[in-house]
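The structure appears below as structure tokens.
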Amino acid sequence: MSAINPDKYLATIAVGMLGLLTVGILTDQPLVLPVCIVIGAVIYAVIYHLRWCLNAVMFMTPLSMELELSGGIGLDFPGEIGLIGLSIATITMMVTYGTPKKFINRISFCLLLQLLWVAVVSILAEHQLISFKYLFAKVWYILPFYVLPFYLVRTDRQLHQLLDWFIVGVMIGGVYFFARHLMNGFDFAGRVNIGQPLWRNHVNYACTLVCSLPIVWYRERTTTSSPWVYRLLAICLLVFIHLAYARVAYLCIGAALLVYWVIRLRLVIPSLIGIIASLLTLWSVAIKDLQYVAFAPEYERAITQNDFGSKLVATFNKQDISSMERVHRWVAGMHMSADRPIVGFGPANFYSSYRPYTIHSFETYVSDNPERSGIHCYYLMILVEQGWPGLLLFVIIGVIALLRCQSLYHHASDPSYRQLVLMVAMILVMILTLNLINDMIEVIKIGSLYFFCFFLLYYQAAASTQEEKLICS
């Protein structure tokens, strides 16, 4: 199954295109002809070469640029344009061929519940237009990266092509950032926005590169021709990541190395219990008798640092401006959650709603938030915008995915399949880790991998008959 059945749709498409062309002629609009040619070319590619369209979107994803549209709505170009087209193609595939058997699973059920809850809280949101754009974006992330591969990715070769195209895009974006940083003399302060327009900031850049490392590791282990290429790519990625000087990237690498052994030693459940218990304890201690006030920064001393060592020291001394601005917004988020614990303020409504909930003692030089950025903790952001039900659904999906990684790893007999499972586990843990101090699931460069990993948990080209029964469960 490599394409949409053309016999069922070509006549309808031809009539639609002819009608559009007729309207253009009657209204004397010369641009209609080239628009029809472009639309026709895209439709042809989707119908006859859908798998290559998916490859192209995987390549474009790391190279997409954030564009600000009117009404506070943003668009990742050209990636999101491709996602919208692939989403339409996915819906067409589902109508034509039905729902894939492997798509009926626990993660799909939870994702559906999550979408339904997002729809509910979007209706109740203060700024509904922004919330519904968030909902639609969530749909056109899930359909191409999670649902469509069930139809198109049937062999290891097809899977490896998708992963390789993503890595090629990441490396082009990495070289672009590195070259501009080099021309700037590797200036520490200048690294923050040097990668624009491809990268919003150095954190988005470093996080995308670090989440790509497990893919390069997996391809080095599974390639039969040139493993040295992937070793060279891994070295380049590590150099690029180091020069980005993003603290969370180092944290993600440590988390990936840790999860490698957690999966192998069957320690997922104890680890999850320990992490969740620790976070809940910290939360309860922070809000009890307003203990979080002790973490208020000294306004005059919370500044931007000029080198990485000073930044690390300043982080622990409450003098790093980016760290303390996070605390400023986290405190506001705690107050917002207490105000609307069930339905929250609506998806993507944090920025427009948080200022009345801030505390003056936590303000920093950048609290005016010219970037219109979020709360810098995805878990707290979901709690603020979607309430406790939204947060619980997000956590449940992560728990199910990690438990499945452990189960698949210990039931698999094929070494390459076990390496695939480890790759998925490392990427997921990296993404879950970086979102402790960032909010990046809706960033196309990270969200693409997040949802694609869920598909990989049900991909079974290398699985034995015994493993297939487990995967379909």
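Just remember, in the structure tokens the first chain shown is A, the second B, etc., residues are 1-based per chain, and ligands are 1-based in the order shown.
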Once DSSP has gone over the backbone, tell me which residues of region 43-225 of chain A are in helix (DSSP H, G or I), as an MDAnalysis selection string. chainID A and resid 43:48 50:63 70:72 79:97 101:103 106:123 128:152 156:183 189:191 202:222
When you count only C-alpha atoms, which of these residues is closest to Met440 (chain A): A:Ser413, A:Ser284, A:Thr208, A:Gln386? A:Thr208
Could you pull the residues within 10 Å of region 200-206 of chain A, counting only C-alpha atoms, minus those fewer than 4 positions along the same chain, as a ChimeraX atom specification? /A:62,65-66,170,173-174,177,190-196,210-212,237-238,240-250,371,434,438,440,443,445-446
Got time to write the residues from that selection, N, CA, C and O atoms, as a compact mmCIF listing (two decimals), in the first residue's frame?
# COMPACT_ATOMS: atom_id res chain seq x y z
N PRO A 62 13.13 19.53 10.40
CA PRO A 62 14.18 20.26 11.13
C PRO A 62 14.55 21.59 10.50
O PRO A 62 15.22 22.41 11.15
N MET A 65 10.81 27.03 9.58
CA MET A 65 10.99 28.32 10.23
C MET A 65 9.67 28.77 10.85
O MET A 65 8.61 28.57 10.28
N GLU A 66 9.76 29.38 12.03
CA GLU A 66 8.56 29.86 12.71
C GLU A 66 8.15 31.22 12.14
O GLU A 66 8.94 32.16 12.12
N VAL A 170 18.46 17.64 9.95
CA VAL A 170 19.08 18.10 11.20
C VAL A 170 20.51 18.56 10.95
O VAL A 170 20.93 19.62 11.45
N GLY A 173 20.63 21.92 9.18
CA GLY A 173 20.34 22.97 10.16
C GLY A 173 21.47 23.16 11.15
O GLY A 173 21.76 24.30 11.56
N GLY A 174 22.14 22.07 11.53
CA GLY A 174 23.26 22.16 12.46
C GLY A 174 24.45 22.89 11.85
O GLY A 174 25.09 23.71 12.51
N PHE A 177 23.73 26.66 11.78
CA PHE A 177 23.94 27.30 13.07
C PHE A 177 25.44 27.40 13.37
O PHE A 177 25.93 28.46 13.79
N GLY A 190 26.14 35.73 21.90
CA GLY A 190 25.55 35.82 20.57
C GLY A 190 24.94 34.52 20.07
O GLY A 190 24.24 34.52 19.07
N ARG A 191 25.22 33.39 20.76
CA ARG A 191 24.73 32.10 20.31
C ARG A 191 23.22 31.99 20.42
O ARG A 191 22.60 31.16 19.75
N VAL A 192 22.59 32.79 21.26
CA VAL A 192 21.17 32.61 21.59
C VAL A 192 20.29 32.67 20.35
O VAL A 192 19.47 31.77 20.11
N ASN A 193 20.46 33.70 19.53
CA ASN A 193 19.60 33.88 18.37
C ASN A 193 20.34 33.80 17.04
O ASN A 193 19.79 34.18 16.01
N ILE A 194 21.55 33.27 17.06
CA ILE A 194 22.38 33.25 15.86
C ILE A 194 21.81 32.32 14.79
O ILE A 194 22.09 32.48 13.61
N GLY A 195 21.00 31.36 15.18
CA GLY A 195 20.47 30.38 14.23
C GLY A 195 19.18 30.77 13.56
O GLY A 195 18.62 29.98 12.77
N GLN A 196 18.66 31.96 13.84
CA GLN A 196 17.42 32.38 13.19
C GLN A 196 17.66 32.58 11.69
O GLN A 196 18.76 32.96 11.29
N VAL A 210 20.19 16.99 20.18
CA VAL A 210 20.43 15.95 21.18
C VAL A 210 19.41 14.82 21.05
O VAL A 210 19.75 13.64 21.27
N CYS A 211 18.17 15.13 20.65
CA CYS A 211 17.17 14.07 20.45
C CYS A 211 17.43 13.27 19.18
O CYS A 211 16.85 12.19 19.00
N SER A 212 18.30 13.80 18.31
CA SER A 212 18.67 13.07 17.10
C SER A 212 19.81 12.08 17.34
O SER A 212 20.04 11.18 16.52
N LEU A 237 27.49 16.05 15.78
CA LEU A 237 26.35 16.45 16.62
C LEU A 237 26.82 16.80 18.03
O LEU A 237 26.37 17.78 18.62
N LEU A 238 27.74 15.99 18.58
CA LEU A 238 28.24 16.26 19.93
C LEU A 238 29.00 17.59 19.98
O LEU A 238 28.86 18.34 20.95
N PHE A 240 28.49 20.17 17.93
CA PHE A 240 27.48 21.22 17.78
C PHE A 240 26.73 21.45 19.10
O PHE A 240 26.48 22.59 19.50
N ILE A 241 26.36 20.35 19.75
CA ILE A 241 25.62 20.45 21.01
C ILE A 241 26.45 21.14 22.09
O ILE A 241 25.97 22.00 22.82
N HIS A 242 27.73 20.76 22.16
CA HIS A 242 28.60 21.37 23.16
C HIS A 242 28.72 22.88 22.96
O HIS A 242 28.63 23.66 23.92
N LEU A 243 28.89 23.30 21.71
CA LEU A 243 29.09 24.72 21.43
C LEU A 243 27.80 25.53 21.57
O LEU A 243 27.86 26.76 21.59
N ALA A 244 26.65 24.85 21.65
CA ALA A 244 25.39 25.57 21.88
C ALA A 244 25.26 25.99 23.34
O ALA A 244 24.52 26.92 23.66
N TYR A 245 25.97 25.31 24.23
CA TYR A 245 25.98 25.62 25.67
C TYR A 245 24.57 25.72 26.24
O TYR A 245 24.21 26.71 26.89
N ALA A 246 23.77 24.68 25.99
CA ALA A 246 22.43 24.59 26.57
C ALA A 246 22.45 23.54 27.67
O ALA A 246 22.71 22.36 27.42
N ARG A 247 22.18 23.96 28.88
CA ARG A 247 22.28 23.05 30.03
C ARG A 247 21.37 21.84 29.89
O ARG A 247 21.74 20.71 30.25
N VAL A 248 20.18 22.05 29.34
CA VAL A 248 19.22 20.96 29.25
C VAL A 248 19.71 19.87 28.30
O VAL A 248 19.37 18.70 28.47
N ALA A 249 20.55 20.21 27.31
CA ALA A 249 21.06 19.21 26.39
C ALA A 249 21.96 18.21 27.11
O ALA A 249 21.88 17.00 26.87
N TYR A 250 22.81 18.71 28.00
CA TYR A 250 23.66 17.81 28.80
C TYR A 250 22.80 16.93 29.71
O TYR A 250 23.09 15.74 29.90
N GLU A 371 9.52 37.94 23.80
CA GLU A 371 9.42 36.80 22.89
C GLU A 371 8.05 36.14 22.92
O GLU A 371 7.77 35.26 22.13
N LEU A 434 13.63 17.21 28.78
CA LEU A 434 13.81 18.61 28.38
C LEU A 434 12.55 19.43 28.62
O LEU A 434 12.62 20.65 28.81
N ASN A 438 11.27 23.29 29.75
CA ASN A 438 10.91 23.90 28.47
C ASN A 438 9.51 23.43 28.11
O ASN A 438 8.96 22.53 28.75
N MET A 440 8.06 22.10 24.64
CA MET A 440 8.46 21.87 23.25
C MET A 440 7.70 20.78 22.51
O MET A 440 8.08 20.45 21.39
N VAL A 443 6.59 22.26 19.43
CA VAL A 443 7.64 22.67 18.49
C VAL A 443 7.81 21.55 17.47
O VAL A 443 8.07 20.41 17.84
N LYS A 445 9.99 20.48 15.48
CA LYS A 445 11.23 19.71 15.43
C LYS A 445 11.28 18.66 16.54
O LYS A 445 11.96 17.64 16.40
N ILE A 446 10.59 18.90 17.65
CA ILE A 446 10.54 17.94 18.76
C ILE A 446 9.26 17.12 18.72
O ILE A 446 9.28 15.89 18.89
Please measure the separation of CA of Asp76 (chain A) and CA of Gly447 (chain A), giving the value in Å to one decimal. 12.0 Å
Name the residues of region 24-132 of chain A that come out as strand (DSSP E) in a backbone DSSP run; write them as a VMD selection string. chain A and resid 65 to 68 74 to 77
Would you kindly return, as a list in words, each protein, DNA or RNA residue with an atom no farther than 7 Å from any atom of region 348-358 of chain A, considering only C-alpha atoms and excluding same-chain residues fewer than 3 positions away? His127, Ile130, Ser131, Tyr134, His328, Arg329, Val331, Ala332, His335, Met336, Phe345, Arg372, Gly374 and Glu385 of chain A
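The two atoms in question, CA of Tyr218 (chain A) and CA of Leu436 (chain A), are spaced 25.4 Å apart.
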Give me the residues near Leu83 (chain A) as a list in words, where near means some atom within 10 Å (using only C-alpha atoms) and where sequence neighbours in that chain fewer than 2 positions away do not count.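 What passes the distance filter is Cys53, Leu54, Val57, Met58, Thr61, Asp76, Pro78, Gly79, Glu80, Ile81, Gly85, Leu86, Ser87, Ile88, Ala89, Ala137, Val139, Trp140, Tyr141, Ile142, Leu143, Pro144, Phe145 and Ile444 of chain A.
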Residue nearest Arg340 (chain A) - candidates A:Val216, A:Ile123, A:Leu383, A:Val268, atoms counted: only C-alpha atoms: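 Residue with the minimum atom-to-atom distance to Arg340 (chain A): A:Leu383.
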List the spatial neighbours of Ile382 (chain A) as a list in words - criterion: any atom at most 10 Å away, only C-alpha atoms, same-chain residues fewer than 4 positions off excluded. Ser337, Gly344, Phe345, Gly346, Pro347, Ala348, Phe350, Ile375, Cys377, Tyr378, Gln386, Gly387, Trp388, Pro389, Gly390, Leu391, Leu392, Leu393, Phe394 and Asp439 of chain A
Those same residues, written as a compact mmCIF listing (two decimals), in the first residue's frame with N, CA and C atoms?
# COMPACT_ATOMS: atom_id res chain seq x y z
N SER A 337 -3.10 27.56 38.34
CA SER A 337 -3.66 26.21 38.52
C SER A 337 -4.62 26.15 39.70
N GLY A 344 -8.62 24.56 33.39
CA GLY A 344 -7.53 25.45 33.05
C GLY A 344 -7.99 26.69 32.30
N PHE A 345 -7.02 27.36 31.69
CA PHE A 345 -7.31 28.62 30.99
C PHE A 345 -7.47 28.43 29.49
N GLY A 346 -7.26 27.20 29.01
CA GLY A 346 -7.39 26.93 27.59
C GLY A 346 -6.03 26.76 26.94
N PRO A 347 -5.88 25.85 25.97
CA PRO A 347 -4.62 25.62 25.29
C PRO A 347 -4.06 26.90 24.66
N ALA A 348 -2.75 27.10 24.84
CA ALA A 348 -2.02 28.25 24.29
C ALA A 348 -2.50 29.57 24.87
N PHE A 350 -1.66 30.58 28.09
CA PHE A 350 -0.84 30.99 29.23
C PHE A 350 -0.36 32.43 29.09
N ILE A 375 5.65 29.05 29.67
CA ILE A 375 5.96 28.92 31.09
C ILE A 375 7.29 28.21 31.32
N CYS A 377 7.92 24.98 31.33
CA CYS A 377 7.76 23.66 31.95
C CYS A 377 6.49 23.07 31.36
N TYR A 378 6.64 22.10 30.47
CA TYR A 378 5.48 21.61 29.72
C TYR A 378 4.43 21.00 30.64
N GLN A 386 -4.85 23.09 30.61
CA GLN A 386 -5.81 22.00 30.41
C GLN A 386 -6.27 21.36 31.71
N GLY A 387 -5.81 21.85 32.84
CA GLY A 387 -6.24 21.32 34.12
C GLY A 387 -5.62 19.97 34.45
N TRP A 388 -6.00 19.43 35.60
CA TRP A 388 -5.45 18.15 36.05
C TRP A 388 -5.79 17.00 35.10
N PRO A 389 -6.99 16.94 34.50
CA PRO A 389 -7.24 15.85 33.54
C PRO A 389 -6.26 15.85 32.37
N GLY A 390 -5.93 17.03 31.84
CA GLY A 390 -4.98 17.10 30.74
C GLY A 390 -3.60 16.64 31.14
N LEU A 391 -3.14 17.04 32.34
CA LEU A 391 -1.83 16.62 32.82
C LEU A 391 -1.79 15.12 33.05
N LEU A 392 -2.82 14.57 33.65
CA LEU A 392 -2.85 13.13 33.92
C LEU A 392 -2.81 12.32 32.62
N LEU A 393 -3.53 12.78 31.60
CA LEU A 393 -3.51 12.07 30.31
C LEU A 393 -2.11 12.10 29.70
N PHE A 394 -1.43 13.25 29.78
CA PHE A 394 -0.09 13.35 29.24
C PHE A 394 0.87 12.42 29.97
N ASP A 439 8.93 24.03 27.06
CA ASP A 439 7.65 23.54 26.56
C ASP A 439 7.77 23.36 25.05
